[in-house]
Each structure stands twice: as C-alpha cells, then as structure tokens.
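Inspection log for the structure reproduced underneath, given as structure tokens.
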Amino acid sequence: MTPLLTQMPDAAERAALLADDPLWLILIKTVVILLIGPILTIFLIVWERKAVGRMQNRPGPNRVGPGGYLQSLADAIKLPFKEQIIPDTADRKVYFLAPVISAVPALIALAAIPFGPVVSIFGEKTTLQLVDLPVGVLVILACSSIGVYGLVLAGWSSGSPYPLLGGLRSAAQVISYEIAMGLSIVGVILYAGSMSTSQIVESQQTGWYFYLLLPSFVIYLISMVGETNRAPFDLPEAESELVGGFHTEYSSMKFAMFFLAEYVNMVIVSAFATTLFLGGWKFPFVSADHALNQGWLPLLWFTAKLFILLFGFIWLRGTLPRLRYDQFMRLGWKVLVPVNLVWIVVIVSVRAIKNSGGLSTPQILIGGGVLILVVVILSLLLPDKKVPDDDFVPVTGGGFPVPPLDLQVPEKTPRQKALEKAEARAAKRKPAAVSSGREAGDGDV
C-alpha cells in the first residue's frame, strides 16, 4: 500500500485545482457529465442489438439509416409520440415520480468519477472530474442504489399484480446484491486507505486491484450485473412470466426513462469498476509520469476499459439464460456474501501481519498456498454422503423416474367417481312425477 503521506501532494493539488475552477468550466463539466449517459445509451442500444444479432446468427437492426445505425434515433423520436396510457387503479403521484427516481440519480453519479489527470481546457488548468469527495465511493454506490427504488415504486403504484411482483423482486434484489457489492469494495478501501475515487486510482500505481484483489473483483462483476437488472439476473422484468415486469403499465416517455436508466446504470457500474479495479485512467505497465499517462490520452484508456466491461453485459445477455428466482437468491446470500466476508477477514489478517513486520509478502503467499492445499486435501478425504436405500427410485438412462412395473391403473378416476356419486344424490332428490288424473287409455264418458 502506498503511504498516505506520499499521496497528500497529489490529492491536495487535485482538490486545489477543482476548487479554483471558474463557473463556466464547472458548467461545461456538468453538461458533459449529464450528456455522457444519454449519448452512450444511444450507442449501446445499436451495439447491443447488432452484437447479440451476430451471436444468434441474425442481422440485427439494418433498416433505419446506413447499416441500421440510426435505430436509436428512430426509437428516441418514436417514444415521445406514443400514446400515454395511465391505469385507473394507479397511484398517479408515485406513478409519475418512479421513472424520475430511476433516471435522475443515474445521470449524476458520474460526477465523482475521475476520467483523467490534470489537463488544460481553454487555457484553464483542471482535472477531468467534477467533484472529488472524501467519500466519493459511497456517493456513487448510493446513486446506483437509489435508482432501484424507482423500480419498486413503479411496480407498486401501477395497481396491477404483474408489476407488483416485479417490484417485489427488485426490492429483494437490492437487499441481496447491494450487500455483496458493498462488501466487495471494502477490500479496495483497505488497500487504498481512502474512499476518494481519485486516491484509489493513484494507489493503483504499483498494481491494479483486479488481480491483487481478484475475489473482490469477481464478486463486484457479478453484483453489478444483478444491480442493473441485466440478464441473466433480469428477474424484475422477466418477460416470459411477468409480461413486462415492473414497467408493464408504462408507455411513452415514462417507459423511455426506465430504458434510459438501465443503460446509464450500466455505464455507472462499469466506470466504477474501472476506477476501483482497473487502474482508472492509467495505462498499464507504465509510470504515472509517462507520456501515455499525460494530457488527454488517459481519457482514451478509460473509455477503452469502460467499453470492455460494457461488452461483458452484452455478451452475458446473448449467451446465458435467465436464472430461476431461487437460484438467484441462493447465489447472493449463500455464495457471494459469505465468500466476501471470509475474503475481508483474509485481507485484514494479511495486512496486519505485513504491517507488524512479522512476515514478508512471499512468506505470506507461501503460507496461504499451503493452507489452501491443506483445505483441498481435507475436502477430498471426506467420505461421500451415502444415499439411503429407502429413498431409491429406479430411473431410466435419461435420469427421469419411471412408474413401477406392477402399477395398476384404476378403471375410473377419482373425479369420475365423485361425479357418479353426485348424480346419484341428485336423482334421489328429484321429485316424483305427478299424474294429471286421466290415463292414456281412458275415453270420454
């Protein structure tokens, strides 16, 4: 870990530059940050459709514009003019507020992301970041979390059962994967010694955290897919069983705001992962004062890392099927959270041993390897669990149970027997026929 005293001049310089930004420069940064999400959304819609189409051996959009690249603009023009339908049973205030809660926090979360080093904009020296907060990590995590509450409120306020189920699933998803995501960031904070995003980027000069903290990185990647409701974790939408999920009753611009929030959240969590684990705007294997890490070039490296992670979202959507709800919750609570807690204990133990001067880094790695080897050997020596013979079911070669050979099929089903009994009771209750007093063979007197 880089000592904090060596980081102070860089942090002080960045803070001083951001504090001295004139009003016109702050407005430029604000407008650019607010436009990053919508512009990347326009690009991602076409990119995702074409990439998934190529994976599934179909062309994707190819009718609107040259090569279909104007499909996003056509959607943006179409959605505002669609008919707006509001259910009679909807809570109108919450119904209108839910899309706003989903979209607005997603647009402002990028304010704490450092996109590059110190640059000059129209002769003014500044950094490619709007605000550098001491708790920037928590601010970004909160902004990416608040948007999910818009999904919960959208499902509840629609007054329909299917959106309500989608909203309930979204609430469970927030609780499950927010915990896992937050715990995966703890290791980064312990190594960097700060919750400032710029300080975390500076602390990765000696090594990126994606391989120094590999379990944290893997857990964060899984959690960010669940956080953004993307396949295979798109349970709040689940079109095959919930019609459209939480946004079933939404149309026109309100639906477009949910659509925008989903893609902007993808950009946020990908930019956050780049900052936390992939060195931020730094080029790999070179020092901070290298020419590749000066000027506007680092913005290109940050964008390349961001697009790699965004392509991971598209790749997952085109390859993996949707998980069942029980599998989804089991992964969050029984795998990601326990593994994260154990990993945090390991990080704290290693840091404490190293800081005390008792063992060197190679000794710690060798000891950890030996411990893992012992655990693996013990797990292999454990006897297999025996299945009791009482519960044995003969199966075919495909693994499906078959009926017993002495199975006797009844002549009548229970339902048929019940119907016969009901007809018999009805016949007994039927009144006897009353004669008219004249027999068929009698003649007139």
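Letters A, B, ... mark the chains of the structure tokens in the order given; residue numbers begin at 1 per chain; ligand numbers begin at 1, in order shown.
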
Which residues of segment 131-188 of chain A come within 8 Å of segment 325-335 of chain A, and for each one, what is the closest pair of atoms and their distance in Å to one decimal, counting only C-alpha atoms, sorted by chain and residue number, as a Markdown table?
```
| residue | atom | partner | partner_atom | distance |
| --- | --- | --- | --- | --- |
| A:Gln173 | CA | A:Met329 | CA | 7.9 |
| A:Ser176 | CA | A:Gly332 | CA | 5.6 |
| A:Tyr177 | CA | A:Gly332 | CA | 6.1 |
| A:Ala180 | CA | A:Gly332 | CA | 7.1 |
```

Give me, as a tab-separated table, each residue of segment 196-254 of chain A that comes within 8 Å of segment 93-117 of chain A, together with its shortest interatomic pair and the distance in Å at one decimal, counting only C-alpha atoms, with rows ordered by chain and rising residue number.
```
residue	atom	partner	partner_atom	distance
A:Thr197	CA	A:Ile113	CA	6.5
A:Ser198	CA	A:Pro114	CA	6.0
A:Lys254	CA	A:Pro99	CA	5.9
```

Worksheet entry | Nearest to Val186 of chain A, chosen from A:Leu130, A:Ala76, A:Ile344, A:Leu336, with only C-alpha atoms counted in the distances |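 Among the listed residues, the smallest separation from Val186 of chain A belongs to A:Ile344.
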
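Of the listed residues (A:Ser72, A:Ser157, A:Ser194, A:Gln56), A:Ser72 comes nearest to Thr41 of chain A; the distances count only C-alpha atoms.
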
Discussion item. Applying 8 Å and only C-alpha atoms, which residues near Gly159 of chain A remain after dropping the ones on its own chain fewer than 4 positions away? List them as a VMD selection string.
Written reply: chain A and resid 87 89 to 91 155 163 to 164

Keeping N, CA and C atoms for every residue in the selection just given, could you write it to a file as a PDB file, in the first residue's frame?
```pdb
ATOM      1  N   PRO A  87     -53.148   3.614 -15.939  1.00  0.00           N
ATOM      2  CA  PRO A  87     -54.200   2.761 -15.371  1.00  0.00           C
ATOM      3  C   PRO A  87     -55.082   3.529 -14.391  1.00  0.00           C
ATOM      4  N   THR A  89     -56.362   2.358 -11.725  1.00  0.00           N
ATOM      5  CA  THR A  89     -56.049   1.965 -10.350  1.00  0.00           C
ATOM      6  C   THR A  89     -54.675   2.448  -9.888  1.00  0.00           C
ATOM      7  N   ALA A  90     -53.973   3.217 -10.717  1.00  0.00           N
ATOM      8  CA  ALA A  90     -52.617   3.640 -10.373  1.00  0.00           C
ATOM      9  C   ALA A  90     -52.640   4.779  -9.364  1.00  0.00           C
ATOM     10  N   ASP A  91     -51.631   4.805  -8.500  1.00  0.00           N
ATOM     11  CA  ASP A  91     -51.378   5.954  -7.636  1.00  0.00           C
ATOM     12  C   ASP A  91     -50.619   6.978  -8.472  1.00  0.00           C
ATOM     13  N   GLY A 155     -43.576  -0.623  -9.696  1.00  0.00           N
ATOM     14  CA  GLY A 155     -44.387  -1.833  -9.584  1.00  0.00           C
ATOM     15  C   GLY A 155     -45.541  -1.681  -8.624  1.00  0.00           C
ATOM     16  N   PRO A 163     -46.742  -6.001 -12.408  1.00  0.00           N
ATOM     17  CA  PRO A 163     -45.732  -5.023 -11.992  1.00  0.00           C
ATOM     18  C   PRO A 163     -45.409  -5.114 -10.497  1.00  0.00           C
ATOM     19  N   LEU A 164     -46.389  -5.454  -9.681  1.00  0.00           N
ATOM     20  CA  LEU A 164     -46.126  -5.584  -8.247  1.00  0.00           C
ATOM     21  C   LEU A 164     -45.128  -6.700  -7.969  1.00  0.00           C
TER      22      LEU A 164
END
```

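Shortest separation to Gly207 of chain A among A:Ala261, A:Phe277, A:Ala142, A:Gly244 occurs at residue A:Phe277, atoms counted being only C-alpha atoms.
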
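One distance worth recording is that between atom CA of Phe283 of chain A and atom CA of Val131 of chain A, which is 22.6 Å.
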